[in-house]
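For reference, the structure is listed below as structure tokens.
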Amino acid sequence: MEPALQYANTRLQIVSGFATASMAQRHLETLKECSANASIELIVGMTHHSGIERAQHTAFCQLSQDQPYGMDFSCRYIAQESPIHAKCYVWSNDSGPYSAFCGSANYTMAGFVRSQIEGMANADPASVARFFLDCLPYTVDCLDESVLEHVSLTETRRTDDRATEDTVTLSLLISRGKRKGEIHQKSGLNWGFRPNRNRNEAYIPVPVQHYEFFPPIKQEFTVLTDDGYPFIFVKAQERGKALETPQSNAELGYYFRKRLGLQFGEFVTKQHLIDYGRTDVTFTKIDEETYLMDFSHDIETEHELEKGETSEEQ
């Protein structure tokens with residue numbers, strides 16, 4: 001962050017063996033919070049050799065297309081036989097390169113945020129800038145139509161392909177107390193139904209027994225849904241009891257209302273979920289920064305119980 005605050009109109013160019021969209025989003029978000037006018041150009045070096053997780057690719061594409069923080073972001077993949085395992089970072093402004101670092105830290109949350117020891121050292125800015133330019137001819141933009149001809153995508157596996165310890169199911173209904181099994185009135189999917197709020201604001205409640213399944217509080221991670229939509233999530237609120245979308249709390253609410261066939265801003269009822277076929281979501285952990293969220297209704301979940309209860313009441 002510090003080099004970006006030294007000068008106006010800064011540009012960060014990165015060559016990193018591995019990278020994650022959650023790290024890019026966190027970095028862009030923090031730059032914006034600091035009122036830094038910066039852009040990021042990323043080259044991921046191991047993609048032709050190792051492929052890239054589909055969830056990460058989809059999220060990188062979304063960041064590149066949407067530019068959600070008002071700063072330019074681009075992502076390119078190495079498309080040659082020889083992989084690049086380097087981790088180099090160079091900051092430049094209108095006068096040229098002025099600050100650079102090389103070392104062991106990939107452009108990932110594990111490399112920069114979590115308690116993992118890395119070694120980084122100052123490097124000659126001009127040399128690192130030349131290295132970045134030397135890599136460019138061997139890359140393909142993540143948005144290029146031919147990207148899949150050069151880079152293989154690692155498929156995010158569905159829940160039934162994973163060990164049970166890699167999956168958790170989170171109810172979208174109240175999970176304890178006298179109102180257990182009822183819909184949240186001013187929290188959960190209806191979090192926005194508070195005074196002077198966007199009615200699409202939503203979060204997914206996390207029971208205490210599943211707190212440790214997700215990354216620590218305030219650490220972004222990438223989530224790909226069963227229908228291919230990419231999210232950046234964060235665990236938030238008291239003790240990490242909620243999964244939110246940090247850029248906008250309404251992003252998650254828009255998504256669920258669309259899946260449920262509701263109008264944006266409409267109150268979500270328990271019957272809406274039952275009619276759809278699910279009252280819960282399943283998360284599968286792919287790695288420390290990548291998860292799959294399954295809200296499809298072709299698997300047996302707690303909604304079968306809900307249907308049974310409804311039949312008994314009738």
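Identifiers in this document derive from the order of the structure tokens: chains are assigned A, B, ..., residues are numbered from 1 separately in each chain, and ligands are numbered from 1 in order of occurrence.
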
(request) Show which residues sit within 6 Å of Asp280 in chain A, as JSON, numbers by chain. Count only C-alpha atoms, and ignore same-chain residues fewer than 4 positions away. (result) {"A": [170, 171, 172]}

(message) Among range 56-287 of chain A, which residues does DSSP mark as strand (DSSP E) when it is run on the backbone? Keep the chain and numbering as in the structure and answer as a ChimeraX atom specification.
(response) /A:73-78,87-93,96-103,120-122,139-141,153-154,167-171,204-205,221-225,230-236,242-244,280-287

Keeping only C-alpha atoms, take the residues you just selected and write them out as an mmCIF file, in the first residue's frame.
```cif
data_model
loop_
_atom_site.group_PDB
_atom_site.id
_atom_site.type_symbol
_atom_site.label_atom_id
_atom_site.label_comp_id
_atom_site.auth_asym_id
_atom_site.auth_seq_id
_atom_site.Cartn_x
_atom_site.Cartn_y
_atom_site.Cartn_z
ATOM 1 C CA PHE A 73 -7.692 -3.920 -13.203
ATOM 2 C CA SER A 74 -6.465 -6.386 -15.810
ATOM 3 C CA CYS A 75 -5.466 -10.028 -15.531
ATOM 4 C CA ARG A 76 -3.432 -12.046 -18.021
ATOM 5 C CA TYR A 77 -2.342 -15.688 -18.000
ATOM 6 C CA ILE A 78 0.924 -17.179 -19.193
ATOM 7 C CA LYS A 87 6.680 -13.226 -7.587
ATOM 8 C CA CYS A 88 7.595 -9.692 -8.610
ATOM 9 C CA TYR A 89 5.833 -6.386 -7.945
ATOM 10 C CA VAL A 90 6.701 -2.990 -9.413
ATOM 11 C CA TRP A 91 5.044 0.377 -8.822
ATOM 12 C CA SER A 92 5.300 3.074 -11.499
ATOM 13 C CA ASN A 93 3.956 6.575 -12.057
ATOM 14 C CA GLY A 96 8.502 5.582 -14.573
ATOM 15 C CA PRO A 97 9.149 2.718 -12.131
ATOM 16 C CA TYR A 98 9.977 3.846 -8.611
ATOM 17 C CA SER A 99 9.448 0.928 -6.202
ATOM 18 C CA ALA A 100 9.754 -2.847 -6.635
ATOM 19 C CA PHE A 101 9.821 -6.053 -4.608
ATOM 20 C CA CYS A 102 10.659 -9.691 -5.334
ATOM 21 C CA GLY A 103 10.410 -12.741 -3.114
ATOM 22 C CA MET A 120 10.368 -10.280 0.206
ATOM 23 C CA ALA A 121 13.160 -7.858 -0.686
ATOM 24 C CA ASN A 122 13.504 -4.519 -2.422
ATOM 25 C CA THR A 139 0.289 -14.025 -22.119
ATOM 26 C CA VAL A 140 -3.400 -14.030 -22.969
ATOM 27 C CA ASP A 141 -5.959 -11.696 -21.432
ATOM 28 C CA LEU A 153 -9.698 -24.457 -16.174
ATOM 29 C CA THR A 154 -9.730 -26.661 -13.119
ATOM 30 C CA THR A 167 -18.750 -29.294 3.024
ATOM 31 C CA VAL A 168 -21.211 -27.543 5.325
ATOM 32 C CA THR A 169 -24.912 -26.824 4.915
ATOM 33 C CA LEU A 170 -26.213 -23.478 6.195
ATOM 34 C CA SER A 171 -29.905 -22.912 6.781
ATOM 35 C CA ILE A 204 -26.170 -15.909 5.083
ATOM 36 C CA PRO A 205 -26.199 -16.829 8.795
ATOM 37 C CA PHE A 221 -12.564 -15.308 -0.292
ATOM 38 C CA THR A 222 -13.866 -16.339 -3.701
ATOM 39 C CA VAL A 223 -17.173 -18.172 -4.062
ATOM 40 C CA LEU A 224 -18.543 -19.651 -7.278
ATOM 41 C CA THR A 225 -22.212 -20.618 -7.316
ATOM 42 C CA PRO A 230 -18.757 -15.414 -8.956
ATOM 43 C CA PHE A 231 -18.829 -13.675 -5.595
ATOM 44 C CA ILE A 232 -16.282 -12.275 -3.208
ATOM 45 C CA PHE A 233 -17.488 -13.121 0.304
ATOM 46 C CA VAL A 234 -16.338 -12.076 3.741
ATOM 47 C CA LYS A 235 -17.195 -13.407 7.187
ATOM 48 C CA ALA A 236 -18.444 -10.501 9.280
ATOM 49 C CA ALA A 242 -22.634 -13.829 8.820
ATOM 50 C CA LEU A 243 -21.399 -14.270 5.253
ATOM 51 C CA GLU A 244 -21.636 -10.964 3.390
ATOM 52 C CA ASP A 280 -30.522 -23.975 2.810
ATOM 53 C CA VAL A 281 -27.269 -23.630 0.877
ATOM 54 C CA THR A 282 -24.265 -25.949 0.772
ATOM 55 C CA PHE A 283 -20.686 -24.667 0.766
ATOM 56 C CA THR A 284 -17.837 -26.813 -0.487
ATOM 57 C CA LYS A 285 -14.284 -25.801 0.363
ATOM 58 C CA ILE A 286 -12.030 -26.107 -2.679
ATOM 59 C CA ASP A 287 -8.969 -24.493 -1.079
#
```

Find the residues around Gly45 in chain A up to 8 Å (only C-alpha atoms counted), leave out those fewer than 3 positions away in its own chain, and share them as a PDB file with C-alpha atoms, in the first residue's frame.
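Output saved as out27.pdb:
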```
ATOM      1  CA  VAL A  15       4.054 -11.283 -12.112  1.00  0.00           C
ATOM      2  CA  SER A  16       2.945 -13.988  -9.683  1.00  0.00           C
ATOM      3  CA  GLY A  17       3.050 -17.760 -10.035  1.00  0.00           C
ATOM      4  CA  PHE A  18      -0.378 -18.022  -8.421  1.00  0.00           C
ATOM      5  CA  HIS A  48      -0.568 -22.896 -18.670  1.00  0.00           C
ATOM      6  CA  TYR A  77      -2.342 -15.688 -18.000  1.00  0.00           C
ATOM      7  CA  ILE A  78       0.924 -17.179 -19.193  1.00  0.00           C
ATOM      8  CA  PRO A  83       5.693 -21.703 -16.515  1.00  0.00           C
ATOM      9  CA  ILE A  84       6.739 -18.595 -14.595  1.00  0.00           C
ATOM     10  CA  HIS A  85       6.966 -19.105 -10.852  1.00  0.00           C
ATOM     11  CA  ALA A  86       8.329 -15.640 -10.009  1.00  0.00           C
TER      12      ALA A  86
END
```

(request) Could you pull out the residues in range 53-101 of chain A that DSSP calls alpha helix (DSSP H) from the backbone, as a PyMOL selection string? (result) chain A and resi 54-66

Produce a file of the selected residues containing N, CA, C and O atoms, as a short mmCIF file (atom, residue, chain, number, x, y, z; two decimals), in the first residue's frame.
```cif
data_model
loop_
_atom_site.label_atom_id
_atom_site.label_comp_id
_atom_site.auth_asym_id
_atom_site.auth_seq_id
_atom_site.Cartn_x
_atom_site.Cartn_y
_atom_site.Cartn_z
N ARG A 54 -11.69 -22.65 -11.98
CA ARG A 54 -12.74 -21.94 -12.71
C ARG A 54 -13.32 -20.79 -11.89
O ARG A 54 -13.63 -19.71 -12.44
N ALA A 55 -13.48 -20.98 -10.59
CA ALA A 55 -14.03 -19.92 -9.75
C ALA A 55 -13.13 -18.69 -9.79
O ALA A 55 -13.62 -17.55 -9.86
N GLN A 56 -11.82 -18.90 -9.73
CA GLN A 56 -10.90 -17.77 -9.77
C GLN A 56 -10.94 -17.08 -11.12
O GLN A 56 -10.94 -15.85 -11.22
N HIS A 57 -10.94 -17.87 -12.19
CA HIS A 57 -10.99 -17.28 -13.53
C HIS A 57 -12.26 -16.45 -13.71
O HIS A 57 -12.20 -15.31 -14.21
N THR A 58 -13.39 -16.98 -13.29
CA THR A 58 -14.65 -16.26 -13.43
C THR A 58 -14.63 -14.95 -12.64
O THR A 58 -15.09 -13.91 -13.12
N ALA A 59 -14.07 -15.00 -11.44
CA ALA A 59 -14.00 -13.80 -10.60
C ALA A 59 -13.02 -12.78 -11.18
O ALA A 59 -13.27 -11.57 -11.13
N PHE A 60 -11.88 -13.24 -11.72
CA PHE A 60 -10.94 -12.32 -12.37
C PHE A 60 -11.61 -11.62 -13.56
O PHE A 60 -11.43 -10.42 -13.77
N CYS A 61 -12.37 -12.38 -14.34
CA CYS A 61 -13.07 -11.79 -15.48
C CYS A 61 -14.06 -10.72 -15.01
O CYS A 61 -14.18 -9.66 -15.64
N GLN A 62 -14.76 -11.00 -13.93
CA GLN A 62 -15.74 -10.03 -13.44
C GLN A 62 -15.05 -8.76 -12.96
O GLN A 62 -15.52 -7.64 -13.26
N LEU A 63 -13.94 -8.90 -12.25
CA LEU A 63 -13.20 -7.72 -11.81
C LEU A 63 -12.70 -6.91 -12.99
O LEU A 63 -12.74 -5.67 -12.99
N SER A 64 -12.23 -7.60 -14.03
CA SER A 64 -11.69 -6.92 -15.21
C SER A 64 -12.80 -6.21 -15.98
O SER A 64 -12.59 -5.11 -16.51
N GLN A 65 -13.95 -6.82 -16.07
CA GLN A 65 -15.06 -6.23 -16.81
C GLN A 65 -15.73 -5.09 -16.06
O GLN A 65 -16.00 -4.03 -16.61
N ASP A 66 -16.02 -5.31 -14.79
CA ASP A 66 -16.85 -4.37 -14.03
C ASP A 66 -16.06 -3.20 -13.45
O ASP A 66 -16.64 -2.14 -13.20
#
```

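Of the residues under consideration (A:Ser115, A:Lys270, A:Ile14, A:Gly277), A:Ile14 shows the shortest atom-to-atom contact distance to Val128 in chain A when counting only C-alpha atoms.
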